[in-house]
Amino acid sequence: MSRFFSEKYAALTPYTPGEQPKGQTYIKLNTNESPFPPSARAQKLAAAEATRLELYSDPECRDLVSAAAEILGVGADEILFTNGSDEILNFAFMAFCDKEHPAVFPDITYGFYPVFAELNHIPYTQIPLNPDFTINVGDYIGVGKTVFIANPNAPTGIALPLSDIERIVRSNPDNVVVIDEAYVDFGAESAVGLTRKYDNLLVTQTFSKSRSLAGARLGFGIGSPSLIRDLNTIKYSTNPYNVNRMTMAAGIGALTDREYFAKNCRAIEETRAWTSDELRALGFTVLDSKANFVFAAHDRLPGKELYLKLKENGILVRHFDSAPLTNFNRISIGTTEQMQTLINTIKKILEDMP
Ligand code: PMP
């Protein structure tokens, strides 16, 4: 820390992103990216836009908003695009939380929530999950705080049914409930359809997973026009050109290539089922995932050891070194070939154990 660093942030522990290795080519199953390239249409539109980079991007993202509004069945004033969904989540902490509206979220969830709360000096409560890693819905009924729930949750992959999400939203009419649907496209139920019914519901999604655009940084939120206006106040007070031209073009391409999107989501779901079965057959406990990753633990092979052995063998997974997650690894779902290699490698590691 330099002697110039503001005291405001002296105690801040930043978020630690997953490894992005250079040099050695790993089978990368550690940051829940898509194993499939962006849609050809997205690539083509982004490349064409490269010739116009001397001009600022459209701060209103009009072309992207109108494509998304049509496909997602919402009004243009009910959607806001951001630089990844991380940005809209930060905006939501800024816009809808303060001392009178503290934040609440599970103790095991996306690691960025406590960082956003700390960054913005927002008081927050972390509610323990049930011992089986599910969210206890009752804990959030009428909780009277700004709620952040990832559905499916990370890193567990476990999803709540829409009826439970609706109970939480309905029981907190004077607080915003943010449902982070980064992983919703792989088999969970989206709450987007509830945003017209409840003016306190904000749903966030991302193009980083199911639409293969993690490197382009594109996310969005859907909510009532008044919530979106509040978020725009934050956006226009920080970075009006938060979505760049090439990303906007890629986003339009990815959104409108609906067949490619559906095919890739189906492939991930099928490979997830296969991978979960294989891991269970090898003695792993695998949580019931609706995301593009599985969370798995083995009773004879400590999580850290498996992570390190896989890394030695050229496979990266994500290990969380804090109780009660230490025995688990989060494994992103790759192509069928990548998952076959993973399973074969784990078989060898288990065979070589004393
Ligand atoms: N929410 C959850 C639960 C996530 O796991 C991630 C990915 N790290 C994000 C949001 C943010 O993703 P992005 O900023 O790439 O949209």
# chains A, B, ... in the order shown; residues from 1 in each chain; ligands from 1
call {"tool": "residues_around", "arguments": {"residues": "Asp288 (chain A)", "least_positions_apart": "6", "cutoff": "8 Å", "atoms": "only C-alpha atoms", "output": "list in words"}}
result
Gly157, Ile158 and Val294 of chain A
call {"tool": "residues_around", "arguments": {"residues": "region 178-186 of chain A", "least_positions_apart": "5", "cutoff": "10 Å", "atoms": "only C-alpha atoms", "output": "tab-separated table (two decimals) with N, CA, C and O atoms, in the first residue's frame"}}
result
chain	number	residue	atom	x	y	z
A	32	ASN	N	-15.43	-21.37	-15.05
A	32	ASN	CA	-16.80	-21.50	-15.58
A	32	ASN	C	-17.03	-20.76	-16.89
A	32	ASN	O	-18.12	-20.25	-17.16
A	85	SER	N	-21.59	-8.88	-15.64
A	85	SER	CA	-22.64	-8.70	-14.62
A	85	SER	C	-22.03	-8.25	-13.30
A	85	SER	O	-22.73	-7.72	-12.44
A	86	ASP	N	-20.72	-8.42	-13.12
A	86	ASP	CA	-20.07	-7.86	-11.93
A	86	ASP	C	-20.40	-6.38	-11.80
A	86	ASP	O	-20.61	-5.87	-10.69
A	88	ILE	N	-23.07	-4.65	-12.89
A	88	ILE	CA	-24.44	-4.33	-12.44
A	88	ILE	C	-24.64	-4.75	-10.99
A	88	ILE	O	-25.39	-4.12	-10.24
A	89	LEU	N	-23.93	-5.80	-10.57
A	89	LEU	CA	-24.03	-6.19	-9.15
A	89	LEU	C	-23.46	-5.07	-8.27
A	89	LEU	O	-24.06	-4.68	-7.26
A	92	ALA	N	-25.86	-2.32	-8.10
A	92	ALA	CA	-27.00	-2.63	-7.22
A	92	ALA	C	-26.62	-2.40	-5.76
A	92	ALA	O	-27.42	-1.88	-4.98
A	93	PHE	N	-25.40	-2.80	-5.39
A	93	PHE	CA	-24.96	-2.51	-4.02
A	93	PHE	C	-24.94	-1.00	-3.79
A	93	PHE	O	-25.37	-0.51	-2.74
A	96	PHE	N	-28.89	0.37	-3.99
A	96	PHE	CA	-29.99	-0.14	-3.16
A	96	PHE	C	-29.57	-0.55	-1.74
A	96	PHE	O	-30.36	-1.18	-1.04
A	105	PHE	N	-26.86	-11.97	2.33
A	105	PHE	CA	-26.65	-13.03	1.34
A	105	PHE	C	-26.12	-14.27	2.06
A	105	PHE	O	-25.70	-14.18	3.23
A	110	TYR	N	-21.33	-16.31	-4.19
A	110	TYR	CA	-20.35	-15.63	-5.03
A	110	TYR	C	-19.48	-14.72	-4.15
A	110	TYR	O	-19.98	-13.83	-3.44
A	146	THR	N	-31.59	-5.68	1.89
A	146	THR	CA	-31.43	-5.88	0.45
A	146	THR	C	-30.81	-7.27	0.23
A	146	THR	O	-29.70	-7.54	0.70
A	147	VAL	N	-31.56	-8.12	-0.45
A	147	VAL	CA	-31.18	-9.54	-0.57
A	147	VAL	C	-30.41	-9.77	-1.87
A	147	VAL	O	-30.81	-9.28	-2.94
A	148	PHE	N	-29.31	-10.52	-1.78
A	148	PHE	CA	-28.58	-10.95	-2.97
A	148	PHE	C	-28.53	-12.48	-2.95
A	148	PHE	O	-27.97	-13.08	-2.03
A	149	ILE	N	-29.15	-13.09	-3.95
A	149	ILE	CA	-29.12	-14.55	-4.05
A	149	ILE	C	-28.69	-14.94	-5.45
A	149	ILE	O	-29.28	-14.48	-6.45
A	150	ALA	N	-27.64	-15.76	-5.53
A	150	ALA	CA	-27.25	-16.31	-6.83
A	150	ALA	C	-28.09	-17.56	-7.05
A	150	ALA	O	-28.12	-18.46	-6.20
A	151	ASN	N	-28.79	-17.62	-8.16
A	151	ASN	CA	-29.65	-18.77	-8.45
A	151	ASN	C	-29.47	-19.21	-9.91
A	151	ASN	O	-29.93	-18.51	-10.79
A	152	PRO	N	-28.80	-20.37	-10.13
A	152	PRO	CA	-28.18	-21.28	-9.17
A	152	PRO	C	-27.09	-20.59	-8.35
A	152	PRO	O	-26.47	-19.64	-8.81
A	153	ASN	N	-26.89	-21.16	-7.14
A	153	ASN	CA	-25.87	-20.59	-6.28
A	153	ASN	C	-24.48	-21.04	-6.76
A	153	ASN	O	-24.33	-22.04	-7.45
A	154	ALA	N	-23.48	-20.25	-6.40
A	154	ALA	CA	-22.09	-20.60	-6.68
A	154	ALA	C	-21.37	-20.64	-5.34
A	154	ALA	O	-21.67	-19.79	-4.49
A	157	GLY	N	-23.80	-24.75	-7.20
A	157	GLY	CA	-24.57	-25.12	-8.40
A	157	GLY	C	-26.02	-25.44	-8.10
A	157	GLY	O	-26.82	-25.68	-9.01
A	159	ALA	N	-29.88	-24.96	-7.33
A	159	ALA	CA	-30.86	-23.92	-7.69
A	159	ALA	C	-32.08	-23.99	-6.79
A	159	ALA	O	-32.50	-25.07	-6.38
A	165	ILE	N	-38.15	-18.31	-4.86
A	165	ILE	CA	-37.68	-16.96	-5.17
A	165	ILE	C	-38.84	-15.98	-5.03
A	165	ILE	O	-38.71	-14.91	-4.41
A	169	VAL	N	-39.22	-12.60	-2.65
A	169	VAL	CA	-39.47	-11.27	-3.22
A	169	VAL	C	-40.75	-10.67	-2.63
A	169	VAL	O	-40.79	-9.51	-2.21
A	191	ALA	N	-36.23	-15.86	-13.02
A	191	ALA	CA	-37.23	-14.99	-12.38
A	191	ALA	C	-37.55	-13.76	-13.23
A	191	ALA	O	-38.30	-12.88	-12.79
A	192	VAL	N	-37.03	-13.71	-14.47
A	192	VAL	CA	-37.28	-12.53	-15.33
A	192	VAL	C	-38.79	-12.29	-15.46
A	192	VAL	O	-39.25	-11.15	-15.41
A	200	ASN	N	-39.77	-4.62	-6.72
A	200	ASN	CA	-38.55	-4.71	-5.90
A	200	ASN	C	-37.61	-5.82	-6.37
A	200	ASN	O	-36.67	-6.16	-5.67
A	201	LEU	N	-37.89	-6.40	-7.55
A	201	LEU	CA	-37.07	-7.52	-8.04
A	201	LEU	C	-36.14	-7.06	-9.15
A	201	LEU	O	-36.58	-6.50	-10.16
A	202	LEU	N	-34.84	-7.31	-8.96
A	202	LEU	CA	-33.85	-7.08	-10.03
A	202	LEU	C	-33.21	-8.42	-10.36
A	202	LEU	O	-32.70	-9.11	-9.47
A	203	VAL	N	-33.25	-8.79	-11.64
A	203	VAL	CA	-32.61	-10.04	-12.08
A	203	VAL	C	-31.39	-9.68	-12.90
A	203	VAL	O	-31.47	-8.83	-13.79
A	204	THR	N	-30.25	-10.28	-12.58
A	204	THR	CA	-29.05	-10.01	-13.38
A	204	THR	C	-28.62	-11.28	-14.10
A	204	THR	O	-28.80	-12.39	-13.60
A	205	GLN	N	-28.11	-11.10	-15.31
A	205	GLN	CA	-27.60	-12.23	-16.11
A	205	GLN	C	-26.30	-11.81	-16.79
A	205	GLN	O	-25.94	-10.63	-16.78
A	206	THR	N	-25.64	-12.79	-17.40
A	206	THR	CA	-24.35	-12.51	-18.04
A	206	THR	C	-24.22	-13.21	-19.39
A	206	THR	O	-24.88	-14.23	-19.62
A	207	PHE	N	-23.39	-12.66	-20.25
A	207	PHE	CA	-23.05	-13.31	-21.52
A	207	PHE	C	-21.77	-14.15	-21.37
A	207	PHE	O	-21.27	-14.70	-22.33
A	208	SER	N	-21.23	-14.20	-20.14
A	208	SER	CA	-19.92	-14.84	-19.95
A	208	SER	C	-19.96	-16.36	-20.00
A	208	SER	O	-18.93	-16.98	-20.23
A	209	LYS	N	-21.11	-16.95	-19.73
A	209	LYS	CA	-21.17	-18.42	-19.58
A	209	LYS	C	-21.87	-19.04	-20.79
A	209	LYS	O	-21.23	-19.59	-21.67
A	210	SER	N	-23.20	-18.92	-20.82
A	210	SER	CA	-23.98	-19.60	-21.86
A	210	SER	C	-23.80	-18.97	-23.24
A	210	SER	O	-24.14	-19.58	-24.24
A	211	ARG	N	-23.28	-17.76	-23.31
A	211	ARG	CA	-23.12	-17.11	-24.62
A	211	ARG	C	-21.66	-16.91	-25.00
A	211	ARG	O	-21.35	-16.15	-25.94
A	219	GLY	N	-22.89	-7.98	-19.34
A	219	GLY	CA	-23.92	-8.48	-18.43
A	219	GLY	C	-25.11	-7.54	-18.50
A	219	GLY	O	-25.05	-6.50	-19.16
A	220	PHE	N	-26.20	-7.91	-17.83
A	220	PHE	CA	-27.36	-7.01	-17.84
A	220	PHE	C	-28.25	-7.28	-16.65
A	220	PHE	O	-28.15	-8.32	-15.98
A	221	GLY	N	-29.12	-6.30	-16.42
A	221	GLY	CA	-30.12	-6.45	-15.37
A	221	GLY	C	-31.49	-6.19	-15.94
A	221	GLY	O	-31.64	-5.39	-16.87
A	222	ILE	N	-32.50	-6.87	-15.37
A	222	ILE	CA	-33.88	-6.64	-15.77
A	222	ILE	C	-34.69	-6.35	-14.51
A	222	ILE	O	-34.58	-7.06	-13.50
A	223	GLY	N	-35.46	-5.28	-14.59
A	223	GLY	CA	-36.28	-4.90	-13.44
A	223	GLY	C	-37.26	-3.82	-13.86
A	223	GLY	O	-37.32	-3.43	-15.04
A	261	PHE	N	-26.92	-20.90	-29.22
A	261	PHE	CA	-27.05	-20.76	-27.77
A	261	PHE	C	-27.74	-21.99	-27.17
A	261	PHE	O	-27.24	-22.61	-26.22
A	262	ALA	N	-28.87	-22.39	-27.77
A	262	ALA	CA	-29.65	-23.51	-27.22
A	262	ALA	C	-28.84	-24.81	-27.32
A	262	ALA	O	-28.82	-25.62	-26.39
A	264	ASN	N	-25.57	-25.20	-27.35
A	264	ASN	CA	-24.47	-25.22	-26.37
A	264	ASN	C	-24.97	-25.45	-24.95
A	264	ASN	O	-24.33	-26.18	-24.18
A	265	CYS	N	-26.10	-24.84	-24.60
A	265	CYS	CA	-26.65	-25.05	-23.25
A	265	CYS	C	-27.01	-26.53	-23.07
A	265	CYS	O	-26.71	-27.12	-22.03
A	266	ARG	N	-27.63	-27.11	-24.10
A	266	ARG	CA	-28.00	-28.54	-24.02
A	266	ARG	C	-26.76	-29.41	-23.87
A	266	ARG	O	-26.73	-30.34	-23.07
A	267	ALA	N	-25.73	-29.09	-24.64
A	267	ALA	CA	-24.49	-29.88	-24.58
A	267	ALA	C	-23.90	-29.84	-23.17
A	267	ALA	O	-23.47	-30.87	-22.63
A	268	ILE	N	-23.88	-28.65	-22.57
A	268	ILE	CA	-23.33	-28.52	-21.20
A	268	ILE	C	-24.15	-29.36	-20.22
A	268	ILE	O	-23.60	-30.07	-19.37
A	269	GLU	N	-25.49	-29.29	-20.36
A	269	GLU	CA	-26.34	-30.05	-19.43
A	269	GLU	C	-26.09	-31.55	-19.57
A	269	GLU	O	-26.01	-32.27	-18.56
A	270	GLU	N	-25.95	-32.03	-20.81
A	270	GLU	CA	-25.71	-33.46	-21.03
A	270	GLU	C	-24.35	-33.87	-20.46
A	270	GLU	O	-24.21	-34.89	-19.81
A	272	ARG	N	-22.70	-32.36	-18.16
A	272	ARG	CA	-22.74	-32.24	-16.68
A	272	ARG	C	-23.31	-33.53	-16.07
A	272	ARG	O	-22.78	-34.04	-15.08
A	289	SER	N	-26.16	-30.06	-9.43
A	289	SER	CA	-25.90	-28.76	-10.07
A	289	SER	C	-26.85	-28.47	-11.22
A	289	SER	O	-27.16	-29.34	-12.03
A	290	LYS	N	-27.28	-27.20	-11.28
A	290	LYS	CA	-28.02	-26.71	-12.45
A	290	LYS	C	-27.18	-25.66	-13.17
A	290	LYS	O	-27.68	-24.85	-13.94
A	291	ALA	N	-25.87	-25.65	-12.90
A	291	ALA	CA	-24.98	-24.64	-13.49
A	291	ALA	C	-24.02	-25.31	-14.48
A	291	ALA	O	-24.13	-26.51	-14.75
A	292	ASN	N	-23.07	-24.54	-15.02
A	292	ASN	CA	-22.10	-25.14	-15.94
A	292	ASN	C	-20.84	-25.58	-15.19
A	292	ASN	O	-19.73	-25.49	-15.71
A	293	PHE	N	-21.05	-26.04	-13.97
A	293	PHE	CA	-19.95	-26.59	-13.17
A	293	PHE	C	-20.55	-27.58	-12.19
A	293	PHE	O	-21.77	-27.59	-11.95
call {"tool": "atom_distance", "arguments": {"atom1": "CA of Asp257 (chain A)", "atom2": "CA of Ala48 (chain A)"}}
result
16.9 Å
call {"tool": "select_by_dssp", "arguments": {"residues": "region 177-301 of chain A", "states": "helix (DSSP H, G or I)", "output": "PyMOL selection string"}}
result
chain A and resi 184-186+192-194+225-238+245-256+258-281
call {"tool": "closest_residue", "arguments": {"among": "A:Leu308, A:Ile252, A:Leu227, A:Ala103", "to": "Glu70 (chain A)", "atoms": "only C-alpha atoms"}}
result
A:Ile252
call {"tool": "residues_around", "arguments": {"residues": "region 315-332 of chain A", "least_positions_apart": "5", "cutoff": "9 Å", "atoms": "only C-alpha atoms", "output": "count of residues only"}}
result
38
call {"tool": "select_by_dssp", "arguments": {"residues": "region 99-321 of chain A", "states": "strand (DSSP E or B)", "output": "ChimeraX atom specification"}}
result
/A:103-106,124-127,146-150,177-180,201-206,219-222,284-286,293-298,315-319
call {"tool": "residues_around", "arguments": {"residues": "Pro35 (chain A)", "least_positions_apart": "5", "cutoff": "8 Å", "atoms": "only C-alpha atoms", "output": "PyMOL selection string"}}
result
chain A and resi 212+333-335
call {"tool": "closest_residue", "arguments": {"among": "A:Arg280, A:Lys8, A:Arg217, A:Lys348", "to": "His121 (chain A)", "atoms": "only C-alpha atoms"}}
result
A:Lys8
call {"tool": "residues_around", "arguments": {"residues": "Pro59 (chain A)", "least_positions_apart": "4", "cutoff": "12 Å", "atoms": "only C-alpha atoms", "output": "JSON, numbers by chain"}}
result
{"A": [55, 63, 64, 65, 80, 81, 82, 83, 232, 235, 236, 238, 239, 240, 241, 242, 243, 244, 245, 248]}
call {"tool": "closest_residue", "arguments": {"among": "A:Leu213, A:Thr275, A:Ile228, A:Met246", "to": "ligand 1", "atoms": "only C-alpha atoms and all ligand atoms"}}
result
A:Leu213
call {"tool": "residues_around", "arguments": {"residues": "Asp230 (chain A)", "least_positions_apart": "4", "cutoff": "8 Å", "atoms": "only C-alpha atoms", "output": "PDB file with N, CA and C atoms, in the first residue's frame"}}
result
ATOM      1  N   ALA A  95     -26.656   1.359  -5.420  1.00  0.00           N
ATOM      2  CA  ALA A  95     -27.966   2.017  -5.553  1.00  0.00           C
ATOM      3  C   ALA A  95     -28.945   1.611  -4.449  1.00  0.00           C
ATOM      4  N   SER A 226     -38.324   1.915 -12.859  1.00  0.00           N
ATOM      5  CA  SER A 226     -37.765   2.809 -11.827  1.00  0.00           C
ATOM      6  C   SER A 226     -36.454   2.242 -11.258  1.00  0.00           C
ATOM      7  N   ILE A 234     -26.411   5.592 -11.390  1.00  0.00           N
ATOM      8  CA  ILE A 234     -25.071   5.154 -10.986  1.00  0.00           C
ATOM      9  C   ILE A 234     -24.169   5.008 -12.215  1.00  0.00           C
TER      10      ILE A 234
END
call {"tool": "residues_around", "arguments": {"residues": "Ile135 (chain A)", "least_positions_apart": "3", "cutoff": "8 Å", "atoms": "only C-alpha atoms", "output": "list in words"}}
result
Pro106, Leu129, Asn130 and Leu160 of chain A
call {"tool": "atom_distance", "arguments": {"atom1": "CA of Val143 (chain A)", "atom2": "CA of Thr125 (chain A)"}}
result
10.7 Å
call {"tool": "closest_residue", "arguments": {"among": "A:Asn90, A:Ser6, A:Gln24, A:Asn136", "to": "ligand 1", "atoms": "only C-alpha atoms and all ligand atoms"}}
result
A:Asn90
call {"tool": "closest_residue", "arguments": {"among": "A:Val104, A:Ala188, A:Ala10, A:Ala216", "to": "ligand 1", "atoms": "only C-alpha atoms and all ligand atoms"}}
result
A:Ala216
call {"tool": "atom_distance", "arguments": {"atom1": "CA of Val74 (chain A)", "atom2": "CA of Arg229 (chain A)"}}
result
15.1 Å
